Amino acid sequence: MDKNQSRIVGTNGTVIGFGFNSQDVPSDKLLEANLTVLDKNSCIKVDKRTYGKYLTNNMFCASGKNNTSACNGDSGGGIYFMSNVTWYLRGIVSFSPLRPGANILVCDSSKPSVFTDVSKYLKWSLRYTNTTKWLEDLKPCKEEIIDHNAACNAPRRLEYDYLIAGVNDSIIRVPTNGDPAFPVRDDSNMDQQGGLDYDCVEGRFYWTEPGTRAIFSAKYDGTDKKAFIKDNLEEPGSVAVDWISRRLYWVDYGKETIEVASLDHPEVRTLVKSPINVGEKIVVDPLLGKLYRIHLYVGIEWMNLDGSEPELLLDSETHRISDMKVSMIAAELCYVNKGAFKIECIDTRSRRIRTIVDNLNNPDKLAIIDEFFYWTEDNRFV
């Protein structure tokens, strides 16, 4: 789609909707109108007070013959253009000037209608309509501190070819090329780790220790170990990092809660959900702003990051879900279905489920890097 508005000036687009008709009442039939795109200056000359104040470079205006325009009730609808036997959405109805002297607030159909130019928001639209392509097109982040609204690929800022895995009382780094794994956690205290996740922005991993009632972090190579939270924890378990909003979520099995704290200011803590069941695991989708939890091992519940609007995403008595991860590339939630000995992914929009691999031998843990899946069978990486 060409972002240059000058190339559509003088062309005709079609608006459809159920807005006001010639009697100034909503139409009970779908109407259409052909409008011609005007250049910005011509539009402003028609009504300097309205267009001069509200018309921006991310908008364009179009006018029809015989007092034809978009009107009340058409807002949010589109204007479409034909190109090579295909209709394309180029604008979304934004506003029209008000008709002077009317008894009600109604559009002045003798003046051009204004449309938001969707070509100015292609990257934003792509993020939610084709996440795979959006991630592929994003360049790696280069700055040490990444702004919340930055358009860069944080996971690719630190290139790596290994996995960070938790095995009972040890945390190991597993090269994906088959080289031997090695520990990256000081095992001197021999406390079993309860949950593990990583922050791709700072290159650190976080883990919980139920025995010491604490949450720790360290760099990917195991150095610079720090205590993240040591107060008011009873039995911390599963953890999940939101690297966009810079928060850490964790399950406290002793308190039967899901809590969250700022990665930069861990003293800022909030209760997300209570009560929960012992053994539940959580994962965060930073792009969609969703928190997922394994529900009673047979289902998956999802909710907003503040715990509101919880809903069962997946529920089946035949499932026995042991682990789950978000696939950023496919925009899906993937999980280990131990009951069926397979790994599956669910599209959270369509609820369509697809099988990644089946006929597995006691699968348990799962990891995803780009389009590659890694899992354990009988505590061995596959």
# chains A, B, ... in the order shown; residues from 1 in each chain; ligands from 1
>>> residues_around(residues="Asp323 (chain A)", least_positions_apart="3", cutoff="9 Å", atoms="only C-alpha atoms", output="count of residues only")
10
>>> residues_around(residues="Val260 (chain A)", least_positions_apart="4", cutoff="8 Å", atoms="only C-alpha atoms", output="PyMOL selection string")
chain A and resi 247-250+269-272
>>> residues_around(residues="Leu30 (chain A)", least_positions_apart="5", cutoff="10 Å", atoms="only C-alpha atoms", output="PyMOL selection string")
chain A and resi 16-19
>>> write_last_selection(atoms="all heavy atoms", output="mmCIF file, in the first residue's frame")
data_model
loop_
_atom_site.group_PDB
_atom_site.id
_atom_site.type_symbol
_atom_site.label_atom_id
_atom_site.label_comp_id
_atom_site.auth_asym_id
_atom_site.auth_seq_id
_atom_site.Cartn_x
_atom_site.Cartn_y
_atom_site.Cartn_z
ATOM 1 N N ILE A 16 -19.341 2.355 2.568
ATOM 2 C CA ILE A 16 -20.563 1.591 2.826
ATOM 3 C C ILE A 16 -20.904 1.717 4.315
ATOM 4 O O ILE A 16 -20.032 1.910 5.162
ATOM 5 C CB ILE A 16 -20.419 0.103 2.451
ATOM 6 C CG1 ILE A 16 -19.237 -0.543 3.201
ATOM 7 C CG2 ILE A 16 -20.245 -0.047 0.952
ATOM 8 C CD1 ILE A 16 -19.123 -2.037 2.948
ATOM 9 N N GLY A 17 -22.197 1.637 4.639
ATOM 10 C CA GLY A 17 -22.606 1.716 6.032
ATOM 11 C C GLY A 17 -24.104 1.864 6.195
ATOM 12 O O GLY A 17 -24.859 1.953 5.215
ATOM 13 N N PHE A 18 -24.533 1.896 7.454
ATOM 14 C CA PHE A 18 -25.946 2.041 7.802
ATOM 15 C C PHE A 18 -26.205 3.403 8.444
ATOM 16 O O PHE A 18 -27.085 3.543 9.282
ATOM 17 C CB PHE A 18 -26.364 0.922 8.769
ATOM 18 C CG PHE A 18 -26.384 -0.457 8.171
ATOM 19 C CD1 PHE A 18 -25.252 -1.267 8.239
ATOM 20 C CD2 PHE A 18 -27.510 -0.939 7.530
ATOM 21 C CE1 PHE A 18 -25.256 -2.545 7.693
ATOM 22 C CE2 PHE A 18 -27.526 -2.212 6.976
ATOM 23 C CZ PHE A 18 -26.394 -3.016 7.055
ATOM 24 N N GLY A 19 -25.423 4.406 8.061
ATOM 25 C CA GLY A 19 -25.568 5.725 8.645
ATOM 26 C C GLY A 19 -26.829 6.443 8.205
ATOM 27 O O GLY A 19 -27.700 5.880 7.523
#
>>> closest_residue(among="A:Ser245, A:Thr355, A:Ser308, A:Thr318", to="Leu287 (chain A)", atoms="only C-alpha atoms")
A:Ser245
>>> closest_residue(among="A:His319, A:Arg127, A:Lys48, A:Lys273", to="Phe341 (chain A)", atoms="only C-alpha atoms")
A:His319
>>> closest_atom_pairs(of="region 54-83 of chain A", to="region 113-119 of chain A", cutoff="10 Å", atoms="only C-alpha atoms", output="Markdown table")
| residue | atom | partner | partner_atom | distance |
| --- | --- | --- | --- | --- |
| A:Tyr54 | CA | A:Val114 | CA | 9.4 |
| A:Leu55 | CA | A:Val114 | CA | 7.6 |
| A:Thr56 | CA | A:Thr116 | CA | 9.0 |
| A:Asn57 | CA | A:Asp117 | CA | 8.7 |
| A:Asn58 | CA | A:Asp117 | CA | 5.5 |
| A:Met59 | CA | A:Thr116 | CA | 4.4 |
| A:Phe60 | CA | A:Phe115 | CA | 5.4 |
| A:Cys61 | CA | A:Val114 | CA | 4.3 |
| A:Ala62 | CA | A:Ser113 | CA | 5.5 |
| A:Ser63 | CA | A:Ser113 | CA | 6.3 |
| A:Gly64 | CA | A:Ser113 | CA | 8.9 |
| A:Thr68 | CA | A:Ser113 | CA | 9.4 |
| A:Ser69 | CA | A:Ser113 | CA | 6.1 |
| A:Ala70 | CA | A:Ser113 | CA | 6.0 |
| A:Cys71 | CA | A:Ser113 | CA | 8.0 |
| A:Ser75 | CA | A:Phe115 | CA | 9.2 |
| A:Gly76 | CA | A:Phe115 | CA | 9.2 |
| A:Gly77 | CA | A:Phe115 | CA | 9.4 |
| A:Gly78 | CA | A:Phe115 | CA | 8.2 |
| A:Ile79 | CA | A:Phe115 | CA | 7.9 |
>>> residues_around(residues="region 370-372 of chain A", least_positions_apart="6", cutoff="8 Å", atoms="only C-alpha atoms", output="VMD selection string")
chain A and resid 327 to 330
>>> closest_residue(among="A:His295, A:Arg213, A:Arg7, A:Arg185", to="Lys230 (chain A)", atoms="only C-alpha atoms")
A:Arg213
>>> atom_distance(atom1="CA of Pro286 (chain A)", atom2="CA of Arg354 (chain A)")
22.3 Å
>>> atom_distance(atom1="CA of Gly299 (chain A)", atom2="CA of Gly339 (chain A)")
11.8 Å
>>> closest_residue(among="A:Gly211, A:Gly91, A:Gly254, A:Pro363", to="Glu344 (chain A)", atoms="only C-alpha atoms")
A:Pro363
>>> atom_distance(atom1="CA of Glu209 (chain A)", atom2="CA of Ser262 (chain A)")
18.9 Å
>>> closest_residue(among="A:Ala165, A:Val278, A:Cys107, A:Ile244", to="Thr257 (chain A)", atoms="only C-alpha atoms")
A:Val278
>>> closest_residue(among="A:Leu105, A:Leu314, A:Ala367, A:Phe182", to="Arg352 (chain A)", atoms="only C-alpha atoms")
A:Leu314
